[in-house]
Amino acid sequence: MASDHPPSTGPPRASDPLLGPAAAPAAATTSDVGALLPGSTQQYSPVSTRDPDVVPVPANPSPPSSLPNHTSTANTAAAQPADTKNDVPLEPIMAAADDTTKVDSAAKDAPAAAPPANVLPFGQLFKYADGTDKLLMLVGLIGAAGYGVLTPILSVILGDIVQPFLVYEGVRATPGLPPAVVAAALDTLRKRVIDQVIFFVAVGLGTMVAAYLMQAMWMWAGERQARRVRTKFINAVMAQDLAWFDSHKAGDLTTQLTSDTLMYQEGISEKASQAFAYTIQFISGFAIAFTQSWRLTLVLIATLPAFGISGIVVGKAFAAGASRSQEAYAAAGAVAQEALANIRTVAAFGGQDRAFRKYSKLLAGTVKEGEKKAWISGAGFGVFFGLLYLLFGIGFWYGSTLAVSGEVGGGDVLKCLFAITTGAFSIINLSPSFQAMSKARGAGYRLFEVAESKPTIVDGAVTPAKLDGSVEFRDVRFAYPSRPDVEVLKGISFTAQAGTTVALVGASGSAKSTCIQLMERYYEALSGTIFIDSTPINDLPLKWLRQNVGLVSQEPILFDTTIAENIAYGAPDGLVVTQELLEQVCRDANAHDFISKLPNGYQTMVGERGSLLSGGQKQRIAIARALIGAPRILLLDEATSALDSASEGIVQAALDKASQGRTTIVIAHRLSTIRDADVILVFEKGQIIERGNHNSLLQRGGVYAGLVKAQELKTRKTASTADITTAADAESESDDSDDDGAEEEEEQQAAITAAAASESKKATSKDALASTTTTTKPALDEFEKAEREKAELKKLLKERSVSLWRVVKLQGEEWPFLAVGVLMGSVAGAFLPAFGIILAEVLSVFAIQDKDELTRKALVWTWVFIGLTVGNFFISLFQFGCFGIAGERLTRRIRETAFRAMLRQETGWFDDEKHGTGTLTAQLSEQADRIQNLTGPNAANLIQLVVSMGCGVALAFYYSWQMTLTVLAAVPFLALGSYLEAAVTTGAVGKSRLAYGAAAQRACDAIQNIATVKSLARERDFADGYLENIKAPYRIGVRKALIGSWGFGYSQAVQFLLYAVCFGVGYLFVRDGVITSADLFRVIFVLLFASISFAQAATFTGNAQKAKAAAIAYFDLVDRVPPIDIDSTEGARLVDVAGAVEVAGAEFAYPTRPDAPILRGIDFSQLAGKSLALCGPSGSGKSSVLALLQRLYDVSAGNVKLDGTDVRQWHLQSMREHLAVVSQEPSLFIGTLREAIEYGVPDGKPVTMDMVVAAAKAANIHDFIEGLPEKYETLVTSSQLSGGQKQRVAIARALIRPNLACLLLDEATSALDSASEVIVQDTLDKASQGRTTITIAHRLSTIQRVDLILVVKDGRVVEQGTHFELLDKKGLYAKLVKRQNLGKTV
C-alpha cells in the first residue's frame, strides 16, 4: 500500500526552533518532534490508506515554532497498541477537517440504531469519581494550566535571547564606534544571555513538574474510575436475566468490556487534562503575541482561516476517497476470507480461478481510489505547508515594516510568529483529546446503561428443606420477550413424577427446549405455573434452583481451564470438591478412564470451549459437572444428537446411569435414545399432541409412530429386534461396546495429546494458584505472546536473509513514478535545512541599521518565502502522487500473487495452524504494507531523510564546526527524552491494553456462554475472577502514571535545558570571535530542521525488520510448489468417466499428525453406477477416504483409483470435474441462489438458466426458490437458510456438474431434525440413481438401501455387505443397528 506520508517538504511543525533528537529507538516513532524540534519524529507516517478515519497529515502538525512538543506521545500513543506495524498515530490537518472526516467516515460504519444523542454529558463522565479522584484531578488541572502557560513562554525566551545577539551584531558591524561601546554591548549581551539561560532552566524545571502532574494525576484518577466502572459493568451483566441478553448481544457486551472500557478510560485520563492544557496554551499564545505587537498579530491571524479552509476541503476529499477505498478493500478481503475459510469446497469445485478473479477485480477498485488519495494527499500537504511558508513570509515582511518604524525588533517578530503558531496549532492538538473525550462519552453511555440495568426476574425466597424432584407444568403459556406477539407455548400441562424420565420429542421449533429454559427460570411464563415438589418455581431462590437442577445440552460449553475446574463449576456452595469426589462423579459419567489417560489427568487444559476434547469426551465431562452437586432433577437437551453411534452409546450409557433415581426430562431427535422413557410427550407448534410410552405411542400410529418409521432400520421379516442379538449376545455387546469405546478413546487421546500437552504446560504453571474451584488466568499471557513473537522475528532474521534486489524488482514496472518520486523527495529533503538557513538569514536582516537596506532585503526574503510556497506545492504533489501510484500498484501485485499462491496450495497446507484463515487474511492485509518498507515510497523516504540530514550537517559544519559539535553532543540527551516519553506512553499503554484484554478473556467467555454460567449459578465466580484478573493491569497503569510520567516530564523539560546549553556555549563562541551571531543562528536552525528528518530515520529500524520478515514469508509462499498442484498441466484427461472407484492398500496420516495413522491398508472396490456406504466409529478414517478420492491429500502407501487410473496420474482439475461432494455443513458462498448453484459448473464451462432450474428441481429446492420474492436472484448466505434448505441447494450445486460421475455424501443429513432429514434423504436417494455414490453416515437408517456397506474401524474395512447380510453376520454393524433400532421394547 502506498505510503501517504513521506517526509515533509514544508517547514517543521512543532515546537522548538532548535536542535532535533538523534536517532532514538524505535519507540520514538510516536514521539513528537523530539525535544528541540519544531516537528514530530513521526512527522510523516506511512499509514494505511484503507482507513477512512485517517487524514494523511503530519502526526502532530505544529508550526516551525518554539513550541516544546505541542503534541506528545501522551497525545497519540495512548490510543494505539504497542505494535502498530507501519502505522503511526496521525492527527488531522485541521480540527475542522478532522471533525468532518470523522463524521463522514463514521457515518457509514455507525449502527443505524445508535443515534448521536446516545452520549453522556461531559460532566457525567466522572459520575463515579470519589473524593480522592476529584482531588487528583484538581492537582492535575493545576499542572495542566502551568504546562499550558509555560509552553508559549518559550517563544518569549527565544525572542529575548535572539534580540541581544542581533543588537550586538548591529553594534559590532557599525564602523567607527569606540571599543568601549562595543564592550558595553558585549557586556549587555552577557547579562541578557545569563538571565535567559537561567530562565530557560527555571521554565524547564517548572515544565517538568507541571507536565508530570498533568499526566500522572489524571492517569491515576482515570485508572481508579475505570476500575470502578468495570466492576459495576461485570456485576450488572452477570446479574441480568437471559431475556436481557436477547436484546444485548454477547458480542456487543464483550466489545464493551474490552474496547469501550479502554475508550472510556482514555477519555477521562490524560486526554482530558491535555485538552485543558492546550486550551490554556491557545489563550496564552495569542495573549503573548498581542502583548508583543498587536498589529503584527492581527495581520498574521488573518491568514489562519486559509489553513482551516484548506484543511476542510482536503480532509473531505481524502475522507471520501478513503471511505470508498476501505469499502472496496473490505469487499476484496471478504472474498479472500470466504475462499480461504472454505478452501475444501473451493478445491472440490475448482473455484480457485473464480475466487482469484473476483478478488483481483475488487482490488482494482482499491488501486484507483488509492491513487486518487495520493494526489489529494500531495495537494493537501503542498497547500498546508505552503501556507506555513507564506505565513512566515508575511510575518517577516510586515515585521520588517514595523521594525523600520521602530515599533518592534527582530526578536519581537520571532516572538509573535512562534507565539501565534503555538496558539493556533494548540487548537489542532486539541483534536485528538476532543476525539478521545467524544468517544469516551459514547462508550460511557453504553457502559453506564448496562451498569445501571436491573434484572426483571425477582429472586425467590422459599428454600425447601427437602427436594424429592417432582415437576409439574400447569397450563403454561410463553412468548419470548423479543417476539411477544408469537406465543411459543400454548397452555401445556404435564407432570414428571419424582425419579421418572419424561421425554419431549417433535419437530424443530415445537418449543421443547423452551420448557427446559423455563425450568431453569431463564424466562418467566406469561401465565400458568411450574411446580417443583408443589412449590411454585418463582418462589424458589434462583441459585438454589439452578444448583439443584442439572443440565446437559447438545453442545456442552466447557471453559478454557482444567477438567477439574470445569467439573467443579457444577458444585453447589459449601461443597468441598475433593479429588475423590471428582473421580467418583467422573466414573458415574463414564469419564474417569479417559481423563486418567490424558497427559495431566484432571489438570489437563481443555482449550477454548473444550476444543482439545472430542464431542463424546466433552459430553461426559458436562455430565460429571451436572452430577457433582447430586441434583434431584436432570435436564438433557439433545445430549447425544451430535455424536456418532459409538460415542453416542458411551454417552447414552452414562446418561442412563446418571438418570437412575433422578427426575429426568430429556429432549431428543434420535428417538433410539428415549425409547425407555417412562413418558414420551410429542410436541407440535407449542402444544402436546400425544403422550404415552414408546410402545403405546407406536400402537397409536400417530405422529410419534411416523417419526419412528422415518428413523427405523429394516430387519429380516423373520427376525425381530430381539433376534438380532440373544440375551447373552446383548451382554457381550455391552462389553464389546465398551471395548470399542476404549479403542476410540485411545485414538482421540493420541490426536489431542500434543495439543493438550502444550496447554498443560500453562496449567502446571498455574497449579500453585489454582485449586479445583478457582483458577486465575495470567493477565499478561497476551503480552508474553507478543514478546515470543518478537523473539521469533529476531530468530528468523538471524537464520534467513532476503534478496533486496528481488524486492526492488517487485516494483520494476513503476520505475518512472519512483524516479520522479525519489527526485522530488531528495529536493524535499534539502528544503528542511534550507529553511533553517533562510530563517537565520531573515533574523540577521533585523540587525541591519540602514532602514532602506533592511526593507529591501526583507522584500527579497519575502519573495523567497513565496517561492518556497509554490515550489513546496509541486514537490509535494508529485512526491505523494508518484509514490502513491507506485505503492498502490505494488500493494495490489503482492496481494494478488499471495492470494493466488494460497489458493494453489494443497489442503494439508491449510491444516497447519500457522495457515489458519485469520492468519492468512491478515497476511494478505499486512504483507504488502510491510514489504513497502524495503522498496518504493518508504525507501524513497529514507533517501529524503539521508539527503536532509546530510545537507544539514554539512552546512552546519561549514558555518561552524565548533558549534555543530556542541549541538550534536546534546542530541543523546534529547533522544533519551524521546525514548522515555515513548517508553512511558507507547510501551506501557500497549502492555496495559494487552493485560486488560487478557484479563477480560475469561469474562468474555462467560458472557458468550451466559446460559451455561447461569445454569451453573456461577455468575459471581466469573465476575470475581475478572475483578481479580484486572488487578495486574491496574497496577501497571498506576505504576505508569506515578513513575513513568516523570519520563514524560523530562521529555518536555530537556529541550529547555538544551537551549540553555546551546545558547550559553554559543555566546562564548561569539564573545571570542569564533563565530558570528548569524553563524550561530544558521547552525542552530539548520540542524534543527534537518534533525526532524534524522529523528524520522529511527522509525525505519523496526519497520525494516518486519518488512524483511514479511518479504521472506511472501517469497516462501509464492515460490512453494505444492505436492498436489492445481496449476499443473500434466496428467490424464479422460472424457467418458463411468465412476468406478478402487482403493487398494491405502495408508494415510494427516500431514500435521504424521505419527497418528488414520488408514491402515484399507481395501475396497465399487462398480460404476452403484451406491456404497461407509460407517463406523468417529476417527476410523471414513471422511479420509473421500478426501483421498478427491485428491485433497495423497496416500502414503497403496493407491486410490478412479476408472482404473490412479488419482495421482490424473490431471487434477479434470478429475475433480467428475466428482461432487455434499457435506454435513455445506458452505454456500455469498451471492444469489443462482450463483450458488452455478458454482458447481466447472470454471469456463457454459451454464444456462435451464441447467440451474433442472438441478434445483432434481434437488427438490425449485419450489422453495420460486416462492421467494427475488426467486433465483435472491441474495443469500449459509446462515439465512435452514439446514434442509442449505443441503438441497448444495445438492443442486453438485447435480449441475455436467460430467458428474461420482457423488460423495459426507454426513449430509446428520445435523437435521427428523422432518428435514426425510426430505433431504429422499432428494439424495433420487440424486444417487444411475451414478456412483459414496455415502458416509452415522444414522444407519439413511444407508440401509445402498448396494454395499463398508464397516470401517481403525482405518480398515472390518465388515462389508448389504444391510441384511451384515445383520446376519451379527458383528459390529449389527451392534450399531441395535443401538439405533426403534422397534418395540420387550
# chains A, B, ... in the order shown; residues from 1 in each chain; ligands from 1
>>> residues_around(residues="Leu1324 in chain A", least_positions_apart="5", cutoff="10 Å", atoms="only C-alpha atoms", output="list in words")
Val1222, Ala1258, Ala1259, Asn1260, Gln1287, Arg1288, Ile1291, Leu1303, Leu1305, Ala1308, Thr1309, Val1318, Ile1319, Gln1329, Thr1333, Thr1335 and Thr1342 of chain A
>>> closest_residue(among="A:Arg691, A:Arg1153, A:Lys512, A:Lys490", to="Gly908 in chain A", atoms="only C-alpha atoms")
A:Arg1153
>>> residues_around(residues="Val1352 in chain A", least_positions_apart="3", cutoff="8 Å", atoms="only C-alpha atoms", output="number ranges by chain")
A: 1174-1177, 1180-1182, 1355-1359
>>> select_by_dssp(residues="range 1187-1251 of chain A", states="helix (DSSP H, G or I)", output="list of chain:residue names")
A:Ala1187, A:Leu1188, A:Leu1189, A:Val1207, A:Arg1208, A:Gln1209, A:Leu1212, A:Gln1213, A:Ser1214, A:Met1215, A:Arg1216, A:Leu1233, A:Arg1234, A:Glu1235, A:Ala1236, A:Ile1237, A:Glu1238, A:Met1249, A:Asp1250, A:Met1251
>>> closest_residue(among="A:Phe200, A:Phe233, A:Tyr1034, A:Tyr128", to="Val1054 in chain A", atoms="only C-alpha atoms")
A:Phe200
>>> residues_around(residues="Val471 in chain A", least_positions_apart="2", cutoff="6 Å", atoms="only C-alpha atoms", output="PyMOL selection string")
chain A and resi 495-496+531-532
>>> atom_distance(atom1="CA of Ala1109 in chain A", atom2="CA of Ala922 in chain A")
14.3 Å
>>> atom_distance(atom1="CA of Ile1007 in chain A", atom2="CA of Leu447 in chain A")
14.9 Å
>>> atom_distance(atom1="CA of Gly629 in chain A", atom2="CA of Ala1000 in chain A")
28.1 Å
>>> residues_around(residues="Gln554 in chain A", least_positions_apart="5", cutoff="6 Å", atoms="only C-alpha atoms", output="list in words")
Asp637, Glu638 and Ala639 of chain A
>>> residues_around(residues="Pro816 in chain A", least_positions_apart="4", cutoff="9 Å", atoms="only C-alpha atoms", output="PyMOL selection string")
chain A and resi 820-821+882
>>> residues_around(residues="Glu1266 in chain A", least_positions_apart="3", cutoff="12 Å", atoms="only C-alpha atoms", output="short mmCIF file (atom, residue, chain, number, x, y, z; two decimals) with N, CA and C atoms, in the first residue's frame")
data_model
loop_
_atom_site.label_atom_id
_atom_site.label_comp_id
_atom_site.auth_asym_id
_atom_site.auth_seq_id
_atom_site.Cartn_x
_atom_site.Cartn_y
_atom_site.Cartn_z
N LEU A 1233 -28.89 -17.21 -5.14
CA LEU A 1233 -29.13 -18.65 -5.21
C LEU A 1233 -28.70 -19.20 -6.56
N ARG A 1234 -28.91 -18.44 -7.61
CA ARG A 1234 -28.48 -18.89 -8.93
C ARG A 1234 -26.97 -19.09 -8.94
N VAL A 1253 -32.23 -24.46 -13.23
CA VAL A 1253 -33.58 -24.87 -12.83
C VAL A 1253 -33.68 -26.40 -12.77
N ALA A 1256 -32.03 -27.59 -9.65
CA ALA A 1256 -32.84 -27.24 -8.49
C ALA A 1256 -34.04 -28.17 -8.35
N LYS A 1257 -34.65 -28.49 -9.48
CA LYS A 1257 -35.80 -29.42 -9.43
C LYS A 1257 -35.34 -30.80 -8.97
N ASN A 1260 -35.02 -30.91 -5.38
CA ASN A 1260 -36.24 -30.63 -4.62
C ASN A 1260 -36.19 -29.27 -3.92
N ILE A 1261 -35.57 -28.29 -4.54
CA ILE A 1261 -35.46 -26.95 -3.95
C ILE A 1261 -36.09 -25.89 -4.85
N HIS A 1262 -36.50 -26.28 -6.06
CA HIS A 1262 -37.02 -25.32 -7.03
C HIS A 1262 -38.26 -24.60 -6.50
N ASP A 1263 -39.20 -25.34 -5.94
CA ASP A 1263 -40.45 -24.72 -5.48
C ASP A 1263 -40.18 -23.71 -4.37
N PRO A 1269 -39.32 -13.77 -3.11
CA PRO A 1269 -39.62 -12.57 -3.91
C PRO A 1269 -38.70 -12.40 -5.12
N GLU A 1270 -37.41 -12.63 -4.91
CA GLU A 1270 -36.44 -12.45 -5.99
C GLU A 1270 -36.09 -13.76 -6.67
N LYS A 1271 -36.75 -14.82 -6.29
CA LYS A 1271 -36.53 -16.14 -6.88
C LYS A 1271 -35.04 -16.49 -6.89
N TYR A 1272 -34.53 -16.85 -8.07
CA TYR A 1272 -33.13 -17.31 -8.15
C TYR A 1272 -32.12 -16.18 -7.94
N GLU A 1273 -32.58 -14.94 -7.99
CA GLU A 1273 -31.68 -13.80 -7.80
C GLU A 1273 -31.67 -13.34 -6.34
N THR A 1274 -32.25 -14.14 -5.46
CA THR A 1274 -32.26 -13.80 -4.04
C THR A 1274 -30.84 -13.92 -3.48
#
>>> closest_residue(among="A:Ile633, A:Cys1302, A:Leu965, A:Ala1220", to="Ala347 in chain A", atoms="only C-alpha atoms")
A:Ala1220
>>> closest_residue(among="A:Leu1027, A:Tyr147, A:Ala1144, A:Leu213", to="Asn1199 in chain A", atoms="only C-alpha atoms")
A:Ala1144
>>> decode(residues="range 804-827 of chain A", atoms="C-alpha atoms", output="short mmCIF file (atom, residue, chain, number, x, y, z; two decimals), in the first residue's frame")
data_model
loop_
_atom_site.label_atom_id
_atom_site.label_comp_id
_atom_site.auth_asym_id
_atom_site.auth_seq_id
_atom_site.Cartn_x
_atom_site.Cartn_y
_atom_site.Cartn_z
CA LEU A 804 16.93 -6.84 -1.67
CA TRP A 805 17.28 -6.84 -5.46
CA ARG A 806 14.38 -9.28 -5.74
CA VAL A 807 12.29 -6.99 -3.57
CA VAL A 808 13.21 -4.00 -5.70
CA LYS A 809 12.23 -5.90 -8.86
CA LEU A 810 8.71 -6.17 -7.50
CA GLN A 811 8.33 -2.50 -8.42
CA GLY A 812 10.15 -2.67 -11.72
CA GLU A 813 7.06 -1.68 -13.69
CA GLU A 814 6.68 1.53 -11.67
CA TRP A 815 10.26 2.80 -12.08
CA PRO A 816 9.26 6.05 -13.87
CA PHE A 817 7.00 7.01 -10.98
CA LEU A 818 9.62 6.03 -8.44
CA ALA A 819 12.28 8.03 -10.24
CA VAL A 820 10.18 11.17 -10.13
CA GLY A 821 9.23 10.47 -6.51
CA VAL A 822 12.84 9.97 -5.44
CA LEU A 823 13.89 13.17 -7.21
CA MET A 824 11.12 15.16 -5.54
CA GLY A 825 11.92 13.53 -2.20
CA SER A 826 15.57 14.47 -2.46
CA VAL A 827 14.65 18.07 -3.21
#
